[in-house]
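Enquirer: Just so it is clear, I am handing over target11.txt, which has compact mmCIF, C-alpha atoms.
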```
# COMPACT_ATOMS: atom_id res chain seq x y z
CA MET H 1 14.99 238.74 67.52
CA THR H 2 16.42 241.39 65.22
CA ALA H 3 20.16 241.77 64.73
CA GLY H 4 19.86 245.36 66.01
CA LEU H 5 18.34 244.31 69.33
CA PHE H 6 20.87 241.47 69.63
CA ILE H 7 23.78 243.88 69.19
CA THR H 8 22.23 246.46 71.56
CA LEU H 9 21.79 243.87 74.34
CA LEU H 10 25.24 242.39 73.71
CA ALA H 11 26.93 245.81 73.90
CA THR H 12 24.95 246.82 77.00
CA ALA H 13 25.87 243.59 78.77
CA VAL H 14 29.55 244.05 77.86
CA VAL H 15 29.62 247.57 79.35
CA ALA H 16 27.55 246.69 82.45
CA ASN H 17 29.62 243.61 83.28
CA ALA H 18 32.97 245.23 82.51
CA LEU H 19 32.14 247.90 85.09
CA GLY H 20 30.62 245.34 87.46
CA SER H 21 33.45 242.82 87.39
CA ALA H 22 36.05 245.59 87.76
CA LEU H 23 34.38 246.27 91.13
CA GLY H 24 33.77 242.60 92.02
CA MET H 25 30.04 242.65 91.36
CA ALA H 26 28.00 241.59 88.32
CA GLY H 27 25.93 243.72 85.99
CA GLY H 28 22.55 242.36 87.07
CA ILE H 29 21.47 245.64 88.64
CA PHE H 30 21.93 247.36 85.26
CA ILE H 31 20.67 244.45 83.12
CA VAL H 32 17.18 244.06 84.64
CA PRO H 33 15.92 247.63 83.92
CA ILE H 34 17.53 247.58 80.46
CA LEU H 35 15.80 244.33 79.52
CA VAL H 36 12.48 245.77 80.65
CA ALA H 37 12.99 249.17 78.99
CA VAL H 38 14.72 248.18 75.73
CA ALA H 39 13.56 244.61 75.04
CA HIS H 40 10.11 245.12 76.69
CA ALA H 41 10.67 241.88 78.63
CA PRO H 42 8.24 241.02 81.45
CA LEU H 43 9.92 241.48 84.86
CA PRO H 44 10.20 237.73 85.72
CA VAL H 45 11.84 237.07 82.34
CA ALA H 46 14.26 239.99 82.84
CA ILE H 47 15.15 238.70 86.32
CA ALA H 48 15.62 235.15 84.98
CA VAL H 49 17.99 236.29 82.21
CA SER H 50 19.80 238.58 84.65
CA LEU H 51 20.43 235.75 87.13
CA VAL H 52 21.94 233.52 84.41
CA SER H 53 24.15 236.44 83.34
CA VAL H 54 25.23 237.00 86.96
CA VAL H 55 26.38 233.37 87.19
CA ALA H 56 28.21 233.77 83.85
CA CYS H 57 29.89 236.98 85.03
CA SER H 58 30.95 235.44 88.35
CA SER H 59 32.30 232.27 86.72
CA ALA H 60 34.21 234.23 84.06
CA SER H 61 35.84 236.64 86.55
CA ALA H 62 36.55 234.24 89.42
CA PRO H 63 39.53 232.36 87.90
CA ARG H 64 41.55 235.58 87.60
CA PHE H 65 40.85 236.57 91.22
CA LEU H 66 41.58 233.04 92.46
CA LYS H 67 44.89 233.06 90.58
CA ALA H 68 45.79 236.45 92.09
CA GLY H 69 45.14 234.97 95.56
CA ILE H 70 42.68 237.69 96.60
CA THR H 71 39.61 235.43 96.95
CA ASP H 72 39.09 234.13 100.50
CA LEU H 73 37.54 230.71 99.87
CA ARG H 74 36.98 229.79 103.52
CA LEU H 75 35.26 233.08 104.26
CA ALA H 76 33.17 232.73 101.07
CA VAL H 77 31.83 229.37 102.29
CA VAL H 78 31.00 230.76 105.75
CA LEU H 79 29.19 233.80 104.32
CA GLU H 80 27.46 231.77 101.59
CA VAL H 81 25.56 229.92 104.34
CA ALA H 82 23.92 233.26 105.24
CA THR H 83 23.46 234.57 101.67
CA ALA H 84 22.05 231.24 100.42
CA THR H 85 19.64 231.16 103.39
CA GLY H 86 18.61 234.76 102.64
CA ALA H 87 18.13 233.90 98.96
CA PHE H 88 16.01 230.90 99.99
CA ALA H 89 13.88 233.14 102.24
CA GLY H 90 13.52 235.50 99.27
CA VAL H 91 12.16 232.69 97.10
CA LEU H 92 9.50 232.02 99.76
CA ILE H 93 8.31 235.65 99.98
CA VAL H 94 8.86 236.79 96.39
CA GLY H 95 5.87 238.79 95.12
CA GLN H 96 4.63 239.59 98.62
CA VAL H 97 6.71 242.74 99.15
CA PRO H 98 5.45 245.82 97.24
CA ALA H 99 8.04 247.04 94.71
CA ALA H 100 7.95 250.59 96.13
CA VAL H 101 8.88 249.31 99.60
CA LEU H 102 11.58 247.09 98.12
CA PHE H 103 13.19 249.94 96.18
CA ALA H 104 12.94 252.36 99.13
CA LEU H 105 14.68 249.80 101.36
CA PHE H 106 17.27 249.04 98.69
CA SER H 107 17.95 252.76 98.19
CA ALA H 108 18.41 253.30 101.93
CA VAL H 109 20.83 250.37 102.18
CA LEU H 110 22.80 251.62 99.17
CA GLY H 111 22.92 255.14 100.64
CA VAL H 112 24.33 253.91 103.95
CA SER H 113 26.80 251.66 102.09
CA ALA H 114 27.97 254.56 99.91
CA ALA H 115 28.52 256.74 103.00
CA GLN H 116 30.55 253.99 104.67
CA ILE H 117 32.63 253.35 101.57
CA VAL H 118 33.32 257.11 101.24
CA ALA H 119 34.29 257.34 104.92
CA GLY H 120 36.70 254.49 104.31
CA ARG H 121 38.33 252.43 106.98
CA ARG H 122 41.63 253.99 108.02
CA GLY H 123 42.79 254.01 104.43
CA ASP H 124 42.39 250.22 104.02
CA ARG H 125 45.02 249.56 106.69
CA GLN H 126 44.35 246.67 109.00
CA VAL H 127 44.10 247.28 112.71
CA ARG H 128 46.11 244.82 114.78
CA VAL H 129 43.63 243.32 117.22
CA PRO H 130 43.48 239.93 118.93
CA ALA H 131 41.62 237.23 117.03
CA SER H 132 37.98 236.73 118.05
CA ASP H 133 36.36 233.40 118.93
CA TRP H 134 34.65 233.19 115.55
CA ASP H 135 37.81 234.13 113.74
CA MET H 136 39.77 231.34 115.43
CA ARG H 137 37.10 228.65 115.42
CA LEU H 138 36.40 229.13 111.71
CA GLN H 139 40.13 229.55 110.97
CA LEU H 140 39.47 232.75 109.03
CA GLY H 141 41.88 235.48 107.98
CA SER H 142 44.52 235.03 105.36
CA VAL H 143 47.60 236.23 103.58
CA PRO H 144 46.88 237.13 99.94
CA ALA H 145 49.60 235.82 97.61
CA SER H 146 49.58 238.93 95.45
CA GLY H 147 47.21 241.78 95.90
CA GLY H 148 49.18 244.72 94.57
CA ASP H 149 48.84 247.53 97.10
CA GLU H 150 46.72 245.46 99.47
CA PRO H 151 47.82 244.52 102.99
CA THR H 152 49.84 241.32 103.22
CA GLY H 153 47.64 239.84 105.93
CA TYR H 154 44.24 240.46 107.50
CA ARG H 155 41.90 239.34 110.21
CA VAL H 156 38.16 238.85 109.84
CA HIS H 157 36.21 240.92 112.37
CA ARG H 158 32.60 240.83 113.61
CA VAL H 159 31.58 237.61 111.86
CA PRO H 160 28.03 237.49 113.38
CA LEU H 161 27.29 241.02 112.07
CA GLY H 162 28.70 240.01 108.68
CA LEU H 163 26.45 236.93 108.60
CA ALA H 164 23.36 239.04 109.44
CA LEU H 165 24.18 241.54 106.68
CA MET H 166 24.82 238.71 104.21
CA PHE H 167 21.40 237.23 105.00
CA GLY H 168 19.84 240.59 104.09
CA ALA H 169 21.97 240.81 100.94
CA GLY H 170 20.86 237.32 99.85
CA LEU H 171 17.21 238.18 100.54
CA LEU H 172 17.30 241.44 98.55
CA SER H 173 19.29 239.77 95.75
CA THR H 174 16.54 237.24 95.11
CA LEU H 175 13.73 239.78 95.38
CA LEU H 176 15.47 242.15 92.91
CA GLY H 177 17.02 239.51 90.61
CA ILE H 178 20.58 240.73 91.06
CA GLY H 179 23.81 239.08 92.25
CA GLY H 180 23.96 241.37 95.27
CA GLY H 181 27.65 242.25 95.03
CA VAL H 182 26.63 245.87 95.42
CA LEU H 183 25.37 244.98 98.92
CA LYS H 184 27.92 242.31 99.85
CA ILE H 185 31.07 244.32 99.16
CA PRO H 186 30.21 247.27 101.48
CA ALA H 187 28.99 244.80 104.14
CA MET H 188 32.28 242.88 104.01
CA ASP H 189 34.26 246.11 103.94
CA THR H 190 32.42 247.67 106.86
CA ALA H 191 31.45 244.77 109.11
CA LEU H 192 34.25 242.29 108.51
CA ARG H 193 36.88 244.99 107.89
CA LEU H 194 38.49 243.17 105.01
CA PRO H 195 40.78 244.81 102.46
CA LEU H 196 38.51 246.15 99.68
CA LYS H 197 40.04 243.93 96.98
CA VAL H 198 39.55 240.81 99.11
CA SER H 199 35.91 241.89 99.71
CA SER H 200 35.36 242.45 95.99
CA ALA H 201 36.98 239.20 94.81
CA THR H 202 35.26 237.11 97.49
CA ALA H 203 31.89 238.77 96.76
CA ASN H 204 32.41 238.04 93.06
CA LEU H 205 32.62 234.31 93.79
CA MET H 206 29.69 234.46 96.20
CA ILE H 207 27.30 236.21 93.80
CA GLY H 208 27.51 233.21 91.47
CA VAL H 209 26.50 230.86 94.29
CA THR H 210 23.66 233.19 95.41
CA ALA H 211 22.32 233.51 91.87
CA THR H 212 22.66 229.86 90.84
CA GLY H 213 19.65 228.59 92.83
CA GLY H 214 17.42 231.33 91.42
CA ALA H 215 18.74 230.85 87.88
CA ALA H 216 18.07 227.10 88.06
CA ALA H 217 14.58 227.75 89.45
CA TYR H 218 13.71 230.13 86.60
CA LEU H 219 15.15 227.64 84.06
CA LEU H 220 12.96 224.88 85.50
CA ARG H 221 9.92 227.19 85.31
CA GLY H 222 10.70 227.93 81.63
CA GLU H 223 11.06 231.69 82.22
CA VAL H 224 14.53 232.09 80.69
CA SER H 225 13.99 233.63 77.25
CA PRO H 226 16.56 232.08 74.87
CA GLY H 227 16.46 235.07 72.52
CA LEU H 228 17.37 237.48 75.34
CA ALA H 229 19.69 235.13 77.23
CA ALA H 230 22.10 234.59 74.31
CA PRO H 231 23.26 238.22 73.79
CA VAL H 232 23.13 239.12 77.50
CA VAL H 233 25.13 236.09 78.66
CA LEU H 234 27.70 236.37 75.85
CA GLY H 235 28.05 240.08 76.63
CA SER H 236 28.41 239.30 80.35
CA VAL H 237 31.28 236.87 79.75
CA ALA H 238 33.05 239.30 77.41
CA GLY H 239 32.53 242.22 79.80
CA SER H 240 33.79 240.20 82.77
CA LEU H 241 36.95 239.19 80.94
CA LEU H 242 37.55 242.84 80.04
CA GLY H 243 36.76 244.26 83.49
CA ALA H 244 38.22 241.67 85.88
CA PRO H 245 41.90 242.57 85.28
CA ALA H 246 41.13 246.11 86.51
CA LEU H 247 40.30 244.85 90.02
CA THR H 248 43.76 243.37 90.46
CA ARG H 249 45.56 246.36 88.90
CA VAL H 250 43.69 249.48 90.05
CA PRO H 251 44.89 250.87 93.45
CA ALA H 252 42.50 250.15 96.34
CA GLY H 253 41.93 253.88 97.01
CA CYS H 254 40.90 254.48 93.40
CA LEU H 255 38.65 251.41 93.53
CA ARG H 256 36.97 252.83 96.64
CA VAL H 257 36.22 256.14 94.86
CA ILE H 258 34.77 254.37 91.77
CA PHE H 259 32.69 252.05 93.94
CA ALA H 260 31.36 254.94 96.04
CA THR H 261 30.40 256.81 92.84
CA VAL H 262 28.52 253.78 91.46
CA LEU H 263 26.76 253.27 94.82
CA THR H 264 25.74 256.93 95.02
CA GLY H 265 24.36 256.86 91.47
CA LEU H 266 22.39 253.70 92.22
CA THR H 267 21.09 255.20 95.49
CA VAL H 268 19.59 258.14 93.56
CA LEU H 269 18.19 255.92 90.77
CA THR H 270 16.58 253.44 93.17
CA ALA H 271 15.13 256.31 95.25
CA PHE H 272 13.48 257.57 92.05
CA GLY H 273 12.44 253.97 91.35
CA ALA H 274 10.66 253.84 94.73
CA ALA H 275 8.66 256.87 93.59
CA GLY H 276 7.90 255.22 90.24
CA ALA H 277 10.29 257.36 88.20
CA GLY H 278 13.50 256.68 86.24
CA PRO H 279 14.71 253.31 84.89
CA PHE H 280 13.86 251.43 88.10
CA GLY H 281 10.38 252.94 88.06
CA LEU H 282 9.68 250.67 85.08
CA LEU H 283 10.10 247.66 87.33
CA ARG H 284 7.21 248.59 89.61
CA MET X 1 42.05 224.17 96.06
CA THR X 2 42.29 227.68 94.62
CA ARG X 3 43.95 226.40 91.45
CA GLY X 4 41.46 223.53 91.04
CA LEU X 5 38.44 225.77 91.48
CA GLY X 6 39.92 228.37 89.12
CA ARG X 7 40.47 225.72 86.43
CA LEU X 8 36.98 224.29 86.88
CA LEU X 9 35.32 227.69 86.56
CA GLY X 10 37.61 228.75 83.69
CA TRP X 11 37.05 225.63 81.58
CA GLY X 12 33.37 225.48 82.52
CA THR X 13 32.87 229.09 81.43
CA ALA X 14 34.73 228.46 78.15
CA ALA X 15 32.62 225.37 77.37
CA SER X 16 29.30 227.05 78.30
CA THR X 17 30.19 230.18 76.32
CA SER X 18 31.03 228.10 73.23
CA VAL X 19 27.65 226.35 73.39
CA MET X 20 25.91 229.71 73.96
CA ALA X 21 27.72 231.21 70.93
CA VAL X 22 26.46 228.32 68.74
CA GLY X 23 22.95 228.96 70.08
CA ALA X 24 23.23 232.68 69.33
CA ALA X 25 24.35 231.93 65.77
CA LEU X 26 21.34 229.61 65.31
CA GLU X 27 19.03 232.28 66.78
CA LEU X 28 20.32 234.92 64.38
CA THR X 29 19.88 232.56 61.40
CA SER X 30 16.28 231.95 62.54
CA TRP X 31 16.78 228.27 63.35
CA ARG X 32 14.45 228.77 66.30
CA PRO X 33 13.78 225.27 67.71
CA ALA X 34 17.45 224.29 67.56
CA ALA X 35 18.50 227.72 68.91
CA THR X 36 16.13 227.44 71.88
CA ALA X 37 17.42 223.99 72.84
CA VAL X 38 21.09 224.95 72.51
CA ILE X 39 20.76 228.28 74.38
CA LEU X 40 18.81 226.70 77.24
CA ALA X 41 21.41 223.93 77.45
CA ALA X 42 24.15 226.58 77.69
CA ALA X 43 22.17 228.49 80.35
CA ALA X 44 21.80 225.25 82.34
CA MET X 45 25.57 224.64 82.02
CA PHE X 46 26.23 228.12 83.40
CA ALA X 47 23.71 227.68 86.22
CA ALA X 48 25.37 224.40 87.23
CA LEU X 49 28.90 225.87 87.42
CA PRO X 50 28.82 227.36 90.97
CA ALA X 51 27.18 224.20 92.34
CA THR X 52 29.88 222.10 90.65
CA GLY X 53 32.46 224.38 92.26
CA LEU X 54 30.88 223.72 95.66
CA VAL X 55 31.03 219.96 95.04
CA LEU X 56 34.74 220.27 94.21
CA GLN X 57 35.36 222.32 97.37
CA LEU X 58 33.43 219.77 99.43
CA ALA X 59 35.53 216.92 98.02
CA LEU X 60 38.79 218.79 98.67
CA TYR X 61 37.84 219.74 102.24
CA HIS X 62 36.88 216.10 102.80
CA ARG X 63 40.25 214.93 101.50
CA ARG X 64 41.98 217.33 103.90
CA GLY X 65 39.85 216.03 106.76
CA ASP X 66 38.47 219.53 107.39
CA LEU X 67 35.10 218.39 108.74
CA LEU X 68 33.84 221.85 109.71
CA TYR X 69 34.17 223.10 106.16
CA VAL X 70 32.80 219.83 104.72
CA MET X 71 29.65 220.52 106.76
CA LEU X 72 29.48 224.23 105.84
CA THR X 73 30.01 223.59 102.12
CA GLY X 74 27.48 220.75 102.20
CA LEU X 75 24.99 223.05 103.91
CA VAL X 76 25.43 225.74 101.23
CA LEU X 77 25.02 223.13 98.49
CA ALA X 78 21.85 221.77 100.14
CA ILE X 79 20.32 225.27 100.43
CA VAL X 80 21.16 226.08 96.78
CA ILE X 81 19.54 222.82 95.61
CA ALA X 82 16.47 223.44 97.81
CA ASP X 83 16.28 226.98 96.40
CA ALA X 84 16.27 225.63 92.82
CA VAL X 85 13.81 222.81 93.50
CA ILE X 86 11.30 224.81 95.59
CA GLY X 87 11.62 227.94 93.44
CA GLY X 88 11.29 225.87 90.27
```
Let me see whether you can do it: turn the structure in this file into structure tokens.

Expert:
Amino acid sequence: MTAGLFITLLATAVVANALGSALGMAGGIFIVPILVAVAHAPLPVAIAVSLVSVVACSSASAPRFLKAGITDLRLAVVLEVATATGAFAGVLIVGQVPAAVLFALFSAVLGVSAAQIVAGRRGDRQVRVPASDWDMRLQLGSVPASGGDEPTGYRVHRVPLGLALMFGAGLLSTLLGIGGGVLKIPAMDTALRLPLKVSSATANLMIGVTATGGAAAYLLRGEVSPGLAAPVVLGSVAGSLLGAPALTRVPAGCLRVIFATVLTGLTVLTAFGAAGAGPFGLLR
Amino acid sequence: MTRGLGRLLGWGTAASTSVMAVGAALELTSWRPAATAVILAAAAMFAALPATGLVLQLALYHRRGDLLYVMLTGLVLAIVIADAVIGG
């Protein structure tokens, strides 16, 4: 590896993960096409490196969110059952879904998510409703210790719908080699009606768990390229440490606008990707 | 639990990043065989971090006697391990 390529990948990973961790996701969705386009990495190698970087990003950002008290650990465990099962299903069918179909589906999901994030949810205010069966049985809902402008307490709504969406997020994450925060955060925001910062911080922890099985599998198969992994993972950690403080400091309304912009951009790019054009077109 | 998990992930990330930085330095100085071994070891350390976090959560739920969450955390851990083994 040349020093130039090393620095390019390091800088790209820093920027991608700084943006990603500021929103509670990782930079995997940006890393995979860049590895293919810039480093000419085969797709499985790019996905393998991306998954390791997703775990690194999640692990580097999570302590700050845990300290701020905006990560819902109980909810993360409940939802991880669905995402991990979806990821496992993805491992079983990987390679059987045509890339064009995958990107078209991904683009549609991102488009719907962007629309829901833009519509918002009564300005992030929680609606006082009686606790549901699921809510009470699983002892969900919490009071964040310090979340800035976030509500001081929340209930978790529509858990079965959230579990179904998380299964889909886990499935798509494995098939695309991403952490899936970009899918999990809107699902948690819309279905479970959580405060956006709680959704983002909880999704950040969950993406590490979703990606870890895939990362370990690729490591065992010998598909993690050491030359590409070093700059991307180091850049991911640095980017996460730079970006994570923003999630706790930026107002929730501003976060919603940034997240909607990123989702809209990705919707357009993945729609082009489905047609074989743009950066995601390289992955077909 | 929050503090314990935060510390585990924080220290684990610091240790894995240090090993990865050594590997990157070896890679840039063209010490290829050593670089490959060190970078893959660092990648494995990173990949193990979330699973280690789940083990910690499982132990802490068990200590609290929270059987429902012991089962749920154990289930997640089992799926992640199956994912790695079958996928690998």

Enquirer: Pull out every residue of chain H sitting within 7 Å of chain X, counting all atoms listed in the file, and send them as a ChimeraX atom specification.

Expert: /H:3,52,55-56,59-60,62-63,66-67,77-78,80-81,84-85,88,91,208-209,212-218,220-221,226-227,230,234

Enquirer: Could you save those same residues with C-alpha atoms as a compact mmCIF listing (two decimals), in the coordinates of the input?

Expert:
```
# COMPACT_ATOMS: atom_id res chain seq x y z
CA ALA H 3 20.16 241.77 64.73
CA VAL H 52 21.94 233.52 84.41
CA VAL H 55 26.38 233.37 87.19
CA ALA H 56 28.21 233.77 83.85
CA SER H 59 32.30 232.27 86.72
CA ALA H 60 34.21 234.23 84.06
CA ALA H 62 36.55 234.24 89.42
CA PRO H 63 39.53 232.36 87.90
CA LEU H 66 41.58 233.04 92.46
CA LYS H 67 44.89 233.06 90.58
CA VAL H 77 31.83 229.37 102.29
CA VAL H 78 31.00 230.76 105.75
CA GLU H 80 27.46 231.77 101.59
CA VAL H 81 25.56 229.92 104.34
CA ALA H 84 22.05 231.24 100.42
CA THR H 85 19.64 231.16 103.39
CA PHE H 88 16.01 230.90 99.99
CA VAL H 91 12.16 232.69 97.10
CA GLY H 208 27.51 233.21 91.47
CA VAL H 209 26.50 230.86 94.29
CA THR H 212 22.66 229.86 90.84
CA GLY H 213 19.65 228.59 92.83
CA GLY H 214 17.42 231.33 91.42
CA ALA H 215 18.74 230.85 87.88
CA ALA H 216 18.07 227.10 88.06
CA ALA H 217 14.58 227.75 89.45
CA TYR H 218 13.71 230.13 86.60
CA LEU H 220 12.96 224.88 85.50
CA ARG H 221 9.92 227.19 85.31
CA PRO H 226 16.56 232.08 74.87
CA GLY H 227 16.46 235.07 72.52
CA ALA H 230 22.10 234.59 74.31
CA LEU H 234 27.70 236.37 75.85
```

Enquirer: Report, in Å with one decimal, the straight-line distance from atom CA of H:Thr202 to atom CA of H:Leu35.

Expert: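 Here the two named atoms are 27.5 Å from each other.
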
Enquirer: What gap, in Å, lies between atom CA of H:Ser173 and atom CA of H:Ala119?

Expert: 24.9 Å

Enquirer: To one decimal place in Å, what is the distance between atom CA of H:Ala203 and atom CA of H:Ala187?

Expert: 10.0 Å

Enquirer: With distances taken over all atoms listed in the file, which residue among H:Leu219, H:Ala76, H:Ala246, H:Leu92 lies nearest H:Lys197?

Expert: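 Closest to H:Lys197, using all atoms listed in the file: H:Ala246.
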
Enquirer: Counting all atoms listed in the file, select every polymer residue within 12 Å of (14.0, 248.0, 77.2) as defined in the file's coordinates, and provide the selection as a VMD selection string.

Expert: chain H and resid 5 8 to 9 12 30 to 43 46 228 279 to 280 282 to 283

Enquirer: For stretch 48-61 of chain X, where the input has fewer atoms than it should, I would like N, CA and C atoms rebuilt and written as a tab-separated table (two decimals), in the frame of the given file.

Expert:
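Full text of out.tsv as output:
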```
chain	number	residue	atom	x	y	z
X	48	ALA	N	24.82	225.52	86.46
X	48	ALA	CA	25.37	224.40	87.23
X	48	ALA	C	26.81	224.66	87.71
X	49	LEU	N	27.47	225.66	87.12
X	49	LEU	CA	28.90	225.87	87.42
X	49	LEU	C	29.20	226.14	88.91
X	50	PRO	N	28.50	227.11	89.55
X	50	PRO	CA	28.82	227.36	90.97
X	50	PRO	C	28.56	226.14	91.85
X	51	ALA	N	27.48	225.39	91.54
X	51	ALA	CA	27.18	224.20	92.34
X	51	ALA	C	28.28	223.15	92.15
X	52	THR	N	28.79	223.04	90.91
X	52	THR	CA	29.88	222.10	90.65
X	52	THR	C	31.13	222.54	91.43
X	53	GLY	N	31.35	223.85	91.48
X	53	GLY	CA	32.46	224.38	92.26
X	53	GLY	C	32.33	224.02	93.74
X	54	LEU	N	31.11	224.09	94.25
X	54	LEU	CA	30.88	223.72	95.66
X	54	LEU	C	31.16	222.24	95.89
X	55	VAL	N	30.77	221.40	94.91
X	55	VAL	CA	31.03	219.96	95.04
X	55	VAL	C	32.53	219.70	95.08
X	56	LEU	N	33.27	220.42	94.22
X	56	LEU	CA	34.74	220.27	94.21
X	56	LEU	C	35.33	220.70	95.56
X	57	GLN	N	34.87	221.84	96.08
X	57	GLN	CA	35.36	222.32	97.37
X	57	GLN	C	35.06	221.30	98.47
X	58	LEU	N	33.84	220.76	98.42
X	58	LEU	CA	33.43	219.77	99.43
X	58	LEU	C	34.37	218.56	99.39
X	59	ALA	N	34.66	218.09	98.16
X	59	ALA	CA	35.53	216.92	98.02
X	59	ALA	C	36.94	217.23	98.55
X	60	LEU	N	37.43	218.44	98.25
X	60	LEU	CA	38.79	218.79	98.67
X	60	LEU	C	38.88	219.00	100.18
X	61	TYR	N	37.85	219.60	100.78
X	61	TYR	CA	37.84	219.74	102.24
X	61	TYR	C	37.78	218.36	102.89
```
